Each structure stands twice: as structure tokens, then as C-alpha cells.
Amino acid sequence: MPTQPTRSTEPPSAPPGIDALRELLLPEYSPSCLAADAGDRIGAIGGLLTVNPAHRVVGPALTIDLSEKDLVDILPVLGLARPGDVIVLACHGITGMAMWGGLMTTLSQLAGIAGAVVDGAVRDVDEIRDLGFPVWYRTAQPRRCPPADLDGVVQVNVPVSIDGVTVRAGDIVVADENGVAVVPPDAAEEVAVSTRELLAKERTVRDLMNAGATLPELLARFGHL
């Protein structure tokens with residue numbers, strides 16, 4: 001039987017500064033790279049597939065932890081999500097059953113959920129793509145997971161680990177076709193400052209390149225490109 005839902009804390013409110021970070025990152029190329037470049041405090045998860053390379057999201061994480069014995073339909077957890085959340089589903093690399101599909105996508109859209117990161121398998125990839133919902137995942141698998149009791153799901157809003165990166169409820173997820181960056185809420189301003197500095201540097205470097213600057217000249221001036 002599925003375990004009762006457990007939460008280490010109530011779902012955190014939206015991190016301060018997330019709207020500004022969203023407005024800053026989403027219009028730029030490779031927002032996950034910009035966030036990850038802010039320093040070692042920022043987690044970086046690679047190797048995921050996406051239903052549409054153009055998709056990108058910035059939103060607070062709603063985390064779900066599933067063990068091998070608890071691989072069940074997570075539909076009941078959607079009632080805990082808040083508009084703008086990004087569901088982060090840790091299946092610990094288990095891909096024998098699909099943990100996300102077309103119905104989950106439709107319900108998530110109706111709930112205002114911004115996207116999902118699934119460290120496991122999904123199905124109905126064509127439907128998800130047509131619905132325009134951002135999902136990052138390990139692989140596709142036609143076989144669906146068994147149903148869950150409406151009263152029980154697994155552990156929700158607890159720390160989860162994906163590729164050695166810990167994601168906590170309320171962490172800011174920045175995802176695009178490069179992968180996923182995980183920003184602790186108290187690092188949001190740090191990422192914003194770093195991003196502005198990096199974008200200004202890149203504009204200067206590009207202008208110098210277009211003006212004929214050589215690679216040795218650029219390295220001598222900036223040290224690292």
C-alpha cells in the first residue's frame with residue numbers, strides 16, 4: 001500500500017525575488033547555464049530529455065520522493081501544488097514504469113503548475129508536446145505505474161536527490177534544454193547579480209570579437225571567456 005503523504009514542512013511560500021529572477025533569466029539564452037555560473041552553491045543536473053527544446057521554466061520546487069516499492073500514480077499530489085510550482089519527482093533512476101503522462105499534464109496545466117522534472121520515465125510524450133507543457137525526464141516507457149489510494153501518495157516536500165544534487169521544497173528550479181539549475185532561495189539575489197555581470201561581460205566580449213579582437217587579446221583582458 002502507498003504510504004500516507006508526509007511533509008517535513010508546509011509548502012513554502014514563493015521565494016522572495018523569484019519574479020525578478022524569472023524576468024531576468026527567461027528572455028536570455030540558456031537560463032540554466034546563467035544560473036549555474038553563479039557559483040558552487042547552485043546545483044546543476046544534466047542528462048535529461050525535454051519534450052520541447054524551446055521550453056524553459058523558472059519556479060519553486062514541489063518535491064516528491066518515490067522509492068522502488070512506492071512507484072505509484074502521483075495524481076493525488078497535485079492538490080498540494082501552487083500555481084507556478086515546478087514538480088520535481090525523484091524516482092532514483094527507476095524507469096520500468098512511466099510516472100508522468102498526458103492526464104497528469106492536463107491536470108497540472110489546470111492547476112497552474114509551470115513544469116515537471118522527472119528523474120524517471122514518462123509516457124504520452126507526443127500528447128505532452130502538443131499540450132505545450134514543459135517536462136524534463138530520463139526516458140520514455142509505455143507501461144504506466146499502478147494507481148494510488150486517493151488518501152496516500154508518498155513523501156512530499158521533503159529533500160530529494162537527483163544526480164547527487166539535493167533539491168528542497170521551495171528551491172528555485174531553472175530548466176531549459178541544457179538541463180536544470182537548482183537555486184537555494186537565499187541565493188536568488190546572488191544569481192541575479194552574477195547574471196547581470198555575466199551578460200554585461202558577454203556583450204562586451206562579443207562587441208570586441210566583432211571589432212576584430214583576437215583570442216589572445218580577449219584572454220589577456222578577461223582571463224576566462
# chains A, B, ... in the order shown; residues from 1 in each chain; ligands from 1
>>> residues_around(residues="Pro134 of chain A", least_positions_apart="6", cutoff="9 Å", atoms="only C-alpha atoms", output="list in words")
Thr50, Val51, Asn52, His55, Arg56, Val57, Ala114, Gly115, Ala116, Val117, Ile128 and Asp176 of chain A
>>> closest_residue(among="A:Ile45, A:Leu66, A:Ala38, A:Val158", to="Val180 of chain A", atoms="only C-alpha atoms")
A:Ile45
>>> residues_around(residues="segment 14-27 of chain A", least_positions_apart="4", cutoff="6 Å", atoms="only C-alpha atoms", output="list in words")
Pro31, Val58 and Pro185 of chain A
>>> select_by_dssp(residues="segment 60-203 of chain A", states="strand (DSSP E or B)", output="MDAnalysis selection string")
chainID A and resid 60:65 86:90 98 115:122 135:140 144 155:156 160:162 165:167 172:176 179:183
>>> select_by_dssp(residues="segment 9-190 of chain A", states="alpha helix (DSSP H)", output="ChimeraX atom specification")
/A:18-25,31-36,102-110,125-131,188-190
>>> closest_residue(among="A:Leu198, A:Leu103, A:Leu75, A:Leu225", to="Leu34 of chain A", atoms="only C-alpha atoms")
A:Leu198
>>> closest_residue(among="A:Ser161, A:Thr95, A:Ser194, A:Thr105", to="Gly39 of chain A", atoms="only C-alpha atoms")
A:Ser194
>>> atom_distance(atom1="atom CA of Arg143 of chain A", atom2="atom CA of Arg123 of chain A")
7.8 Å
>>> atom_distance(atom1="atom CA of Gly170 of chain A", atom2="atom CA of Gly47 of chain A")
22.8 Å
